[in-house]
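To be precise, the following lines are run_15.txt, and they hold compact mmCIF, C-alpha atoms and all ligand atoms.
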# COMPACT_ATOMS: atom_id res chain seq x y z
CA MET A 1 -228.41 -44.29 -110.83
CA ALA A 2 -231.33 -43.49 -113.13
CA SER A 3 -231.99 -39.80 -113.15
CA LYS A 4 -235.11 -38.73 -111.29
CA VAL A 5 -237.51 -36.10 -112.51
CA TYR A 6 -240.13 -34.41 -110.35
CA VAL A 7 -243.60 -34.40 -111.87
CA ASP A 8 -246.56 -33.15 -109.84
CA GLY A 9 -245.32 -34.23 -106.44
CA LYS A 10 -243.63 -37.48 -107.49
CA LEU A 11 -239.99 -38.26 -108.23
CA LEU A 12 -240.05 -40.53 -111.26
CA ASP A 13 -237.38 -42.30 -113.28
CA LYS A 14 -236.51 -40.20 -116.30
CA ASP A 15 -238.20 -42.63 -118.72
CA ASP A 16 -241.45 -42.56 -116.72
CA ALA A 17 -241.55 -38.75 -116.42
CA LYS A 18 -244.24 -37.75 -118.90
CA VAL A 19 -246.94 -35.15 -119.49
CA SER A 20 -250.23 -35.53 -121.31
CA VAL A 21 -250.43 -34.75 -125.03
CA PHE A 22 -253.40 -32.56 -124.02
CA ASP A 23 -251.20 -30.39 -121.79
CA HIS A 24 -251.50 -26.78 -122.91
CA GLY A 25 -247.79 -26.33 -122.29
CA LEU A 26 -247.27 -28.65 -125.27
CA LEU A 27 -250.29 -27.58 -127.33
CA TYR A 28 -249.86 -23.81 -126.95
CA GLY A 29 -246.62 -23.07 -125.14
CA ASP A 30 -248.93 -22.06 -122.29
CA GLY A 31 -246.75 -22.08 -119.21
CA VAL A 32 -243.66 -20.59 -117.58
CA PHE A 33 -240.19 -21.78 -116.66
CA GLU A 34 -236.92 -21.02 -114.93
CA GLY A 35 -233.35 -22.16 -115.48
CA ILE A 36 -231.30 -22.17 -112.27
CA ARG A 37 -227.71 -23.14 -111.54
CA PHE A 38 -226.30 -24.75 -108.44
CA TYR A 39 -222.65 -24.70 -107.58
CA ASN A 40 -220.75 -26.44 -104.85
CA ASP A 41 -223.92 -27.77 -103.13
CA ARG A 42 -225.67 -24.38 -103.19
CA VAL A 43 -228.43 -23.01 -105.39
CA PHE A 44 -227.31 -19.69 -106.80
CA ARG A 45 -229.78 -16.79 -106.47
CA CYS A 46 -232.51 -19.25 -105.51
CA GLU A 47 -235.03 -16.74 -104.13
CA GLU A 48 -234.72 -14.47 -107.15
CA HIS A 49 -235.44 -17.33 -109.56
CA ILE A 50 -238.41 -18.60 -107.56
CA ARG A 51 -239.78 -15.07 -107.34
CA ARG A 52 -239.46 -14.56 -111.11
CA LEU A 53 -241.21 -17.91 -111.72
CA TYR A 54 -244.21 -16.79 -109.64
CA ASP A 55 -244.16 -13.33 -111.26
CA SER A 56 -244.21 -14.92 -114.73
CA ALA A 57 -247.07 -17.19 -113.65
CA ASN A 58 -249.05 -14.27 -112.19
CA ALA A 59 -248.55 -12.31 -115.37
CA ILE A 60 -250.22 -15.03 -117.42
CA ALA A 61 -252.91 -15.73 -114.77
CA LEU A 62 -251.51 -19.18 -114.06
CA THR A 63 -251.97 -20.52 -110.54
CA ILE A 64 -249.00 -22.58 -109.41
CA PRO A 65 -250.49 -25.30 -107.21
CA MET A 66 -247.88 -24.91 -104.47
CA GLU A 67 -246.34 -22.16 -102.36
CA PRO A 68 -242.90 -20.76 -103.26
CA GLU A 69 -241.38 -22.44 -100.18
CA GLU A 70 -242.75 -25.81 -101.29
CA MET A 71 -241.41 -25.21 -104.80
CA THR A 72 -237.96 -24.49 -103.34
CA GLU A 73 -238.08 -27.64 -101.22
CA ALA A 74 -239.22 -29.76 -104.20
CA MET A 75 -236.31 -28.36 -106.21
CA LEU A 76 -233.78 -29.16 -103.47
CA GLU A 77 -235.28 -32.63 -103.07
CA THR A 78 -234.92 -33.26 -106.81
CA ILE A 79 -231.25 -32.28 -106.74
CA ARG A 80 -230.65 -34.52 -103.73
CA ALA A 81 -232.48 -37.44 -105.40
CA ASN A 82 -230.01 -37.15 -108.27
CA ASP A 83 -227.03 -36.78 -105.94
CA LEU A 84 -225.81 -33.74 -107.87
CA HIS A 85 -223.44 -31.11 -106.52
CA ASP A 86 -222.96 -28.76 -109.48
CA GLY A 87 -225.55 -28.43 -112.20
CA TYR A 88 -228.61 -26.87 -113.70
CA ILE A 89 -232.28 -27.05 -112.76
CA ARG A 90 -235.19 -26.53 -115.08
CA LEU A 91 -238.46 -25.62 -113.35
CA VAL A 92 -241.45 -25.85 -115.66
CA VAL A 93 -245.05 -25.00 -114.84
CA THR A 94 -247.54 -25.77 -117.58
CA ARG A 95 -251.21 -24.79 -117.75
CA GLY A 96 -251.90 -28.52 -117.43
CA GLU A 97 -254.22 -30.87 -119.22
CA GLY A 98 -257.20 -29.34 -121.00
CA GLY A 99 -259.27 -29.42 -124.14
CA LEU A 100 -258.09 -28.90 -127.69
CA GLY A 101 -259.38 -25.32 -127.66
CA LEU A 102 -257.33 -22.43 -126.30
CA ASN A 103 -259.49 -21.87 -123.23
CA PRO A 104 -257.13 -22.01 -120.23
CA LYS A 105 -260.14 -22.12 -117.90
CA LEU A 106 -260.68 -25.69 -119.07
CA CYS A 107 -257.33 -26.72 -117.61
CA PRO A 108 -258.19 -27.52 -113.99
CA LYS A 109 -254.66 -27.84 -112.61
CA ALA A 110 -251.21 -26.63 -113.57
CA SER A 111 -248.43 -29.22 -113.81
CA VAL A 112 -245.06 -28.78 -112.15
CA ILE A 113 -241.97 -30.42 -113.60
CA ILE A 114 -238.47 -30.19 -112.12
CA ILE A 115 -235.44 -31.52 -113.96
CA ALA A 116 -231.99 -31.49 -112.34
CA ALA A 117 -229.11 -32.08 -114.71
CA THR A 118 -225.83 -30.66 -115.90
CA ILE A 119 -225.40 -28.19 -118.72
CA THR A 120 -222.61 -26.89 -120.93
CA LEU A 121 -223.90 -24.11 -123.12
CA TYR A 122 -220.79 -22.91 -124.93
CA PRO A 123 -217.39 -24.49 -125.54
CA GLU A 124 -214.71 -23.67 -122.94
CA ASP A 125 -212.69 -21.88 -125.62
CA ASP A 126 -215.45 -19.24 -125.97
CA TYR A 127 -215.01 -18.30 -122.29
CA THR A 128 -211.30 -17.74 -122.83
CA ASN A 129 -211.32 -16.16 -126.27
CA GLY A 130 -214.86 -14.84 -126.68
CA LEU A 131 -217.73 -15.91 -128.89
CA LYS A 132 -219.04 -14.78 -132.25
CA LEU A 133 -222.25 -12.74 -132.27
CA VAL A 134 -224.47 -11.53 -135.14
CA THR A 135 -227.65 -9.47 -135.41
CA CYS A 136 -230.77 -11.52 -136.12
CA SER A 137 -233.61 -10.24 -138.27
CA THR A 138 -236.17 -11.83 -135.93
CA ARG A 139 -237.27 -9.10 -133.54
CA ARG A 140 -237.93 -9.38 -129.85
CA PRO A 141 -241.73 -9.32 -129.44
CA THR A 142 -243.19 -6.02 -128.34
CA PRO A 143 -244.52 -5.57 -124.79
CA ALA A 144 -247.78 -4.60 -126.53
CA SER A 145 -248.26 -8.34 -127.09
CA LEU A 146 -246.85 -10.58 -124.36
CA SER A 147 -244.42 -8.81 -122.05
CA PRO A 148 -240.88 -10.02 -122.80
CA GLU A 149 -240.41 -10.10 -119.03
CA VAL A 150 -242.57 -13.22 -118.83
CA LYS A 151 -240.31 -16.25 -119.03
CA SER A 152 -242.92 -18.26 -120.88
CA LEU A 153 -242.77 -21.64 -122.57
CA ASN A 154 -243.27 -19.89 -125.88
CA TYR A 155 -239.70 -19.39 -127.08
CA LEU A 156 -240.32 -19.84 -130.78
CA ASN A 157 -239.18 -16.31 -131.56
CA ASN A 158 -235.92 -16.94 -129.75
CA VAL A 159 -235.53 -20.34 -131.40
CA MET A 160 -235.93 -18.74 -134.84
CA ALA A 161 -233.40 -16.06 -133.96
CA LYS A 162 -230.96 -18.68 -132.63
CA LEU A 163 -231.30 -20.58 -135.89
CA GLU A 164 -230.41 -17.44 -137.82
CA ALA A 165 -227.33 -16.94 -135.66
CA LEU A 166 -226.22 -20.55 -136.09
CA ASN A 167 -226.82 -20.43 -139.85
CA ALA A 168 -224.60 -17.36 -139.98
CA GLY A 169 -221.82 -19.31 -138.24
CA ALA A 170 -222.25 -17.45 -134.94
CA VAL A 171 -222.92 -18.82 -131.49
CA GLU A 172 -225.42 -16.22 -130.27
CA GLY A 173 -227.60 -13.58 -131.88
CA ILE A 174 -228.60 -10.05 -130.95
CA MET A 175 -232.34 -9.42 -131.08
CA LEU A 176 -233.51 -5.86 -131.69
CA ASN A 177 -236.86 -4.53 -130.56
CA GLU A 178 -239.55 -3.06 -132.81
CA GLN A 179 -237.82 0.35 -132.74
CA GLY A 180 -234.50 -1.15 -133.78
CA PHE A 181 -232.83 -0.76 -130.39
CA VAL A 182 -230.83 -3.66 -128.97
CA ALA A 183 -233.00 -5.77 -126.65
CA GLU A 184 -230.85 -8.79 -125.76
CA CYS A 185 -229.63 -12.09 -127.18
CA THR A 186 -231.72 -15.18 -127.86
CA GLY A 187 -230.98 -16.56 -124.39
CA ASP A 188 -228.66 -14.04 -122.74
CA ASN A 189 -228.49 -10.37 -121.77
CA VAL A 190 -225.90 -8.10 -123.37
CA PHE A 191 -223.48 -5.51 -121.93
CA ALA A 192 -221.11 -3.09 -123.67
CA VAL A 193 -218.07 -1.38 -122.14
CA ARG A 194 -216.74 1.94 -123.42
CA ASP A 195 -214.15 4.16 -121.74
CA GLY A 196 -214.40 2.22 -118.49
CA ALA A 197 -218.21 2.41 -118.16
CA ILE A 198 -220.79 -0.30 -118.81
CA LYS A 199 -224.13 0.05 -120.55
CA THR A 200 -226.95 -2.47 -120.98
CA PRO A 201 -230.44 -2.19 -122.50
CA PRO A 202 -233.26 -1.58 -120.02
CA VAL A 203 -235.93 -4.19 -119.45
CA SER A 204 -238.34 -1.79 -121.19
CA ALA A 205 -236.35 -2.27 -124.42
CA GLY A 206 -237.33 -5.94 -124.42
CA ALA A 207 -234.60 -7.44 -122.24
CA LEU A 208 -235.47 -10.20 -119.83
CA ASN A 209 -234.93 -9.09 -116.25
CA GLY A 210 -231.99 -11.48 -116.13
CA ILE A 211 -230.78 -12.72 -112.78
CA THR A 212 -227.18 -12.93 -113.95
CA ARG A 213 -227.70 -9.39 -115.29
CA SER A 214 -228.62 -8.33 -111.75
CA VAL A 215 -225.49 -10.03 -110.43
CA ILE A 216 -223.47 -7.80 -112.79
CA PHE A 217 -225.26 -4.77 -111.32
CA ASP A 218 -224.16 -5.89 -107.82
CA VAL A 219 -220.63 -6.80 -108.84
CA THR A 220 -219.97 -3.52 -110.69
CA LYS A 221 -221.22 -1.55 -107.70
CA GLU A 222 -218.73 -3.41 -105.54
CA LEU A 223 -215.94 -2.86 -108.07
CA ASP A 224 -216.88 0.79 -108.48
CA ILE A 225 -217.41 0.44 -112.22
CA PRO A 226 -220.12 2.77 -113.57
CA LEU A 227 -223.10 1.00 -115.13
CA GLU A 228 -226.09 2.57 -116.82
CA GLU A 229 -229.25 1.18 -118.39
CA GLY A 230 -230.27 2.91 -121.61
CA ASN A 231 -231.50 2.38 -125.13
CA MET A 232 -228.66 1.03 -127.24
CA THR A 233 -228.08 0.88 -130.96
CA ARG A 234 -225.93 -1.60 -132.83
CA TYR A 235 -223.48 1.27 -133.34
CA GLU A 236 -222.76 1.25 -129.62
CA LEU A 237 -221.90 -2.44 -129.80
CA TYR A 238 -219.76 -1.91 -132.91
CA THR A 239 -217.79 0.83 -131.19
CA ALA A 240 -217.57 -0.76 -127.73
CA ASP A 241 -214.21 -1.60 -126.18
CA GLU A 242 -215.67 -4.77 -124.73
CA VAL A 243 -218.92 -6.72 -125.07
CA PHE A 244 -220.06 -9.55 -122.85
CA LEU A 245 -223.18 -11.63 -122.34
CA THR A 246 -224.83 -12.97 -119.21
CA GLY A 247 -227.24 -15.79 -118.50
CA THR A 248 -227.76 -18.54 -115.98
CA ALA A 249 -226.63 -21.24 -118.38
CA ALA A 250 -224.09 -19.01 -120.18
CA GLU A 251 -222.79 -17.39 -116.98
CA VAL A 252 -220.61 -14.39 -118.01
CA ILE A 253 -219.02 -14.78 -121.44
CA PRO A 254 -216.95 -12.38 -123.57
CA VAL A 255 -217.82 -11.53 -127.18
CA SER A 256 -214.92 -11.44 -129.64
CA GLU A 257 -216.72 -10.56 -132.85
CA TYR A 258 -220.01 -8.86 -133.68
CA ASP A 259 -221.48 -8.72 -137.20
CA GLY A 260 -218.06 -9.46 -138.67
CA ARG A 261 -216.30 -6.71 -136.69
CA LYS A 262 -213.74 -7.48 -134.01
CA VAL A 263 -214.83 -6.23 -130.61
CA GLY A 264 -212.44 -3.61 -129.23
CA LYS A 265 -208.94 -3.49 -130.69
CA ASP A 266 -208.29 -7.17 -131.24
CA GLY A 267 -211.41 -9.10 -130.15
CA LYS A 268 -209.70 -10.32 -126.98
CA PRO A 269 -211.68 -10.29 -123.70
CA GLY A 270 -211.10 -6.93 -122.03
CA PRO A 271 -210.14 -6.13 -118.42
CA ILE A 272 -213.63 -5.16 -117.21
CA THR A 273 -215.17 -8.32 -118.65
CA LEU A 274 -212.46 -10.40 -116.99
CA ARG A 275 -212.99 -8.72 -113.62
CA CYS A 276 -216.74 -9.32 -113.85
CA ILE A 277 -216.14 -12.98 -114.70
CA GLU A 278 -213.76 -13.38 -111.77
CA LYS A 279 -216.18 -11.75 -109.29
CA PHE A 280 -219.09 -13.72 -110.66
CA ARG A 281 -217.19 -16.99 -110.18
CA GLU A 282 -216.27 -16.02 -106.64
CA LEU A 283 -219.93 -15.39 -105.84
CA THR A 284 -221.10 -18.68 -107.34
CA LYS A 285 -218.53 -20.53 -105.28
CA ASN A 286 -219.31 -18.83 -102.00
CA SER A 287 -223.03 -18.02 -101.90
CA GLY A 288 -226.40 -19.66 -102.40
CA THR A 289 -229.08 -21.73 -100.72
CA PRO A 290 -227.63 -24.94 -99.21
CA ILE A 291 -228.91 -28.17 -100.76
CA TYR A 292 -227.71 -30.84 -98.37
CA ASN A 293 -228.25 -29.34 -94.91
N1 LIG A 301 -232.72 -13.44 -121.99
C1 LIG A 301 -233.41 -14.54 -122.32
C2 LIG A 301 -234.32 -14.48 -123.50
C3 LIG A 301 -233.27 -15.70 -121.57
O1 LIG A 301 -233.97 -16.79 -121.89
C4 LIG A 301 -232.38 -15.71 -120.47
C5 LIG A 301 -232.23 -16.96 -119.65
N2 LIG A 301 -231.55 -17.96 -120.35
C6 LIG A 301 -231.66 -14.55 -120.18
C7 LIG A 301 -231.87 -13.43 -120.95
C8 LIG A 301 -230.70 -14.50 -119.02
O2 LIG A 301 -231.42 -14.49 -117.81
P1 LIG A 301 -230.85 -15.16 -116.49
O3 LIG A 301 -229.57 -14.50 -116.18
O4 LIG A 301 -231.90 -14.91 -115.47
O5 LIG A 301 -230.67 -16.62 -116.78
As structure tokens:
Amino acid sequence: MASKVYVDGKLLDKDDAKVSVFDHGLLYGDGVFEGIRFYNDRVFRCEEHIRRLYDSANAIALTIPMEPEEMTEAMLETIRANDLHDGYIRLVVTRGEGGLGLNPKLCPKASVIIIAATITLYPEDDYTNGLKLVTCSTRRPTPASLSPEVKSLNYLNNVMAKLEALNAGAVEGIMLNEQGFVAECTGDNVFAVRDGAIKTPPVSAGALNGITRSVIFDVTKELDIPLEEGNMTRYELYTADEVFLTGTAAEVIPVSEYDGRKVGKDGKPGPITLRCIEKFRELTKNSGTPIYN
């Protein structure tokens, strides 16, 4: 079966799914997106993702030409059209077609694209043994420009940071904010464990308000593991007992090495990370918005 992509109300064969070269999403990165996982015929944290999509759009004064309920239904319909049961959805809303100038007011209608597919972000071995992380010199943009909370189509900063990480032989990279505090990774949030307690940078430090991050907040409450948000330095990651990352595509993944230093005693995934992974997997298996009924 050819894969079907939703574009502005129509489900098209993948090869026919196209946007205009005058779309400001392409010309200027003017638009917003979401990455969402579905497991076992259920969309995980569906409402939260849809809400963040509309928040991102509001923040950049972009009117999504459909209600959140219609967006959800279009997403479910796209998954069903592809007969998928476990996978990844990319929702993209661009400013739409306009002129060659920046003026977004000359783009009469936003475009909505929904892609349902599968994704493997990191090799299986990294989930068992942990991945290699380095600090990137590319900084997370300051909220004084575009708020890092907006999940916009302009990811060039993150792409540059990712390239640095890959060139250094690592899988992910830590991005610091203007003040030098840890913000997050290029596509994941970061958590450190020390003496049985977890710490993660606050959104105000430049972290995306990650939905998997919020799952960790819920899970640790349930497990009675203390968690605090606070400004973090690299030192805190160097001296942590455990470090792990979270993201929709990444899920929950341990870090074995950071800037050439083994995490914890031996770089092996620690007990709190493993408990969080186990709880997270349980939740993905047993909760979510049903796709097929
Ligand atoms: N930070 C950035 C920069 C991201 O792009 C993402 C999403 N891949 C995350 C963090 C993790 O957020 P979520 O758990 O909502 O996917």
Quiz item: range 166-176 of chain A: which residues within 9 Å, counting all atoms listed in the file, same-chain residues fewer than 3 positions away excluded, as a PyMOL selection string?
Solution: chain A and resi 122+131-140+158+161-163+179-188+190+205-206+233-234+258
Self-check item: Surroundings of ligand LIG 301 (chain A) up to 8 Å, based on all atoms listed in the file, as a ChimeraX atom specification
Solution: /A:34-36,49,148,151,158,184-189,207-214,246-251
Exercise. Would you mind telling me which residue in A:Leu53, A:Gly25, A:Pro254, A:Asn293 lies nearest to Glu124 in chain A when using all atoms listed in the file?
Key: A:Pro254
Self-check item: Among listed residues A:Gly99, A:Tyr39, A:Cys107, A:Leu146, nearest Thr63 in chain A (using all atoms listed in the file)
Solution: A:Cys107
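For Asp23 in chain A, the set of protein, DNA and RNA residues having any atom at most 10 Å away, when counting all atoms listed in the file and skipping those fewer than 5 positions along the same chain, is A:Tyr28, A:Gly29, A:Asp30, A:Gly31, A:Thr94, A:Arg95, A:Gly96, A:Glu97, A:Gly98, A:Gly99, A:Leu100, A:Cys107, A:Ala110, A:Ser111.
CA of Lys221 in chain A is found 18.7 Å from CA of Glu48 in chain A.
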Quiz prompt | Pick from A:Lys279, A:Leu274, A:Gly260, A:Ile50 nearest to Thr72 in chain A, counting all atoms listed in the file | solution = A:Ile50
Can you take the partial range 49-75 of chain A, add N, CA, C and O atoms, and return it as an mmCIF file, in the frame of the given file?
data_model
loop_
_atom_site.group_PDB
_atom_site.id
_atom_site.type_symbol
_atom_site.label_atom_id
_atom_site.label_comp_id
_atom_site.auth_asym_id
_atom_site.auth_seq_id
_atom_site.Cartn_x
_atom_site.Cartn_y
_atom_site.Cartn_z
ATOM 1 N N HIS A 49 -234.872 -16.491 -108.490
ATOM 2 C CA HIS A 49 -235.440 -17.330 -109.560
ATOM 3 C C HIS A 49 -236.877 -17.749 -109.222
ATOM 4 O O HIS A 49 -237.755 -17.724 -110.084
ATOM 5 N N ILE A 50 -237.071 -18.150 -107.959
ATOM 6 C CA ILE A 50 -238.410 -18.600 -107.560
ATOM 7 C C ILE A 50 -239.388 -17.420 -107.677
ATOM 8 O O ILE A 50 -240.504 -17.560 -108.175
ATOM 9 N N ARG A 51 -238.921 -16.256 -107.268
ATOM 10 C CA ARG A 51 -239.780 -15.070 -107.340
ATOM 11 C C ARG A 51 -240.162 -14.766 -108.799
ATOM 12 O O ARG A 51 -241.308 -14.467 -109.111
ATOM 13 N N ARG A 52 -239.164 -14.853 -109.701
ATOM 14 C CA ARG A 52 -239.460 -14.560 -111.110
ATOM 15 C C ARG A 52 -240.423 -15.604 -111.689
ATOM 16 O O ARG A 52 -241.279 -15.277 -112.505
ATOM 17 N N LEU A 53 -240.287 -16.863 -111.241
ATOM 18 C CA LEU A 53 -241.210 -17.910 -111.720
ATOM 19 C C LEU A 53 -242.648 -17.541 -111.350
ATOM 20 O O LEU A 53 -243.559 -17.615 -112.179
ATOM 21 N N TYR A 54 -242.851 -17.135 -110.091
ATOM 22 C CA TYR A 54 -244.210 -16.790 -109.640
ATOM 23 C C TYR A 54 -244.683 -15.498 -110.302
ATOM 24 O O TYR A 54 -245.868 -15.345 -110.603
ATOM 25 N N ASP A 55 -243.784 -14.565 -110.545
ATOM 26 C CA ASP A 55 -244.160 -13.330 -111.260
ATOM 27 C C ASP A 55 -244.615 -13.664 -112.683
ATOM 28 O O ASP A 55 -245.621 -13.140 -113.155
ATOM 29 N N SER A 56 -243.842 -14.521 -113.362
ATOM 30 C CA SER A 56 -244.210 -14.920 -114.730
ATOM 31 C C SER A 56 -245.589 -15.583 -114.716
ATOM 32 O O SER A 56 -246.437 -15.298 -115.567
ATOM 33 N N ALA A 57 -245.794 -16.478 -113.737
ATOM 34 C CA ALA A 57 -247.070 -17.190 -113.650
ATOM 35 C C ALA A 57 -248.216 -16.203 -113.401
ATOM 36 O O ALA A 57 -249.259 -16.256 -114.066
ATOM 37 N N ASN A 58 -248.012 -15.278 -112.467
ATOM 38 C CA ASN A 58 -249.050 -14.270 -112.190
ATOM 39 C C ASN A 58 -249.394 -13.484 -113.433
ATOM 40 O O ASN A 58 -250.559 -13.192 -113.694
ATOM 41 N N ALA A 59 -248.349 -13.134 -114.185
ATOM 42 C CA ALA A 59 -248.550 -12.310 -115.370
ATOM 43 C C ALA A 59 -249.402 -13.008 -116.421
ATOM 44 O O ALA A 59 -250.065 -12.355 -117.226
ATOM 45 N N ILE A 60 -249.372 -14.329 -116.442
ATOM 46 C CA ILE A 60 -250.220 -15.030 -117.420
ATOM 47 C C ILE A 60 -251.427 -15.693 -116.733
ATOM 48 O O ILE A 60 -252.048 -16.607 -117.292
ATOM 49 N N ALA A 61 -251.745 -15.236 -115.519
ATOM 50 C CA ALA A 61 -252.910 -15.730 -114.770
ATOM 51 C C ALA A 61 -252.872 -17.244 -114.597
ATOM 52 O O ALA A 61 -253.865 -17.945 -114.787
ATOM 53 N N LEU A 62 -251.702 -17.744 -114.273
ATOM 54 C CA LEU A 62 -251.510 -19.180 -114.060
ATOM 55 C C LEU A 62 -251.292 -19.405 -112.567
ATOM 56 O O LEU A 62 -250.378 -18.813 -111.978
ATOM 57 N N THR A 63 -252.128 -20.246 -111.969
ATOM 58 C CA THR A 63 -251.970 -20.520 -110.540
ATOM 59 C C THR A 63 -251.052 -21.717 -110.359
ATOM 60 O O THR A 63 -251.361 -22.819 -110.809
ATOM 61 N N ILE A 64 -249.917 -21.460 -109.704
ATOM 62 C CA ILE A 64 -249.000 -22.580 -109.410
ATOM 63 C C ILE A 64 -249.558 -23.295 -108.182
ATOM 64 O O ILE A 64 -249.799 -22.656 -107.152
ATOM 65 N N PRO A 65 -249.777 -24.606 -108.289
ATOM 66 C CA PRO A 65 -250.490 -25.300 -107.210
ATOM 67 C C PRO A 65 -249.628 -25.592 -105.983
ATOM 68 O O PRO A 65 -249.817 -26.608 -105.329
ATOM 69 N N MET A 66 -248.676 -24.761 -105.690
ATOM 70 C CA MET A 66 -247.880 -24.910 -104.470
ATOM 71 C C MET A 66 -247.267 -23.564 -104.102
ATOM 72 O O MET A 66 -247.126 -22.687 -104.966
ATOM 73 N N GLU A 67 -246.931 -23.414 -102.831
ATOM 74 C CA GLU A 67 -246.340 -22.160 -102.360
ATOM 75 C C GLU A 67 -244.867 -22.096 -102.787
ATOM 76 O O GLU A 67 -244.239 -23.140 -102.992
ATOM 77 N N PRO A 68 -244.312 -20.878 -102.866
ATOM 78 C CA PRO A 68 -242.900 -20.760 -103.260
ATOM 79 C C PRO A 68 -241.949 -21.581 -102.382
ATOM 80 O O PRO A 68 -240.992 -22.176 -102.890
ATOM 81 N N GLU A 69 -242.259 -21.664 -101.080
ATOM 82 C CA GLU A 69 -241.380 -22.440 -100.180
ATOM 83 C C GLU A 69 -241.424 -23.921 -100.542
ATOM 84 O O GLU A 69 -240.409 -24.617 -100.485
ATOM 85 N N GLU A 70 -242.621 -24.400 -100.901
ATOM 86 C CA GLU A 70 -242.750 -25.810 -101.290
ATOM 87 C C GLU A 70 -242.030 -26.065 -102.611
ATOM 88 O O GLU A 70 -241.430 -27.119 -102.819
ATOM 89 N N MET A 71 -242.095 -25.088 -103.504
ATOM 90 C CA MET A 71 -241.410 -25.210 -104.800
ATOM 91 C C MET A 71 -239.893 -25.326 -104.559
ATOM 92 O O MET A 71 -239.208 -26.159 -105.157
ATOM 93 N N THR A 72 -239.394 -24.466 -103.655
ATOM 94 C CA THR A 72 -237.960 -24.490 -103.340
ATOM 95 C C THR A 72 -237.581 -25.856 -102.774
ATOM 96 O O THR A 72 -236.582 -26.458 -103.181
ATOM 97 N N GLU A 73 -238.393 -26.352 -101.850
ATOM 98 C CA GLU A 73 -238.080 -27.640 -101.220
ATOM 99 C C GLU A 73 -238.116 -28.762 -102.261
ATOM 100 O O GLU A 73 -237.249 -29.643 -102.274
ATOM 101 N N ALA A 74 -239.110 -28.715 -103.159
ATOM 102 C CA ALA A 74 -239.220 -29.760 -104.200
ATOM 103 C C ALA A 74 -237.975 -29.722 -105.106
ATOM 104 O O ALA A 74 -237.457 -30.759 -105.526
ATOM 105 N N MET A 75 -237.493 -28.507 -105.355
ATOM 106 C CA MET A 75 -236.310 -28.360 -106.210
ATOM 107 C C MET A 75 -235.077 -28.959 -105.503
ATOM 108 O O MET A 75 -234.310 -29.716 -106.102
#
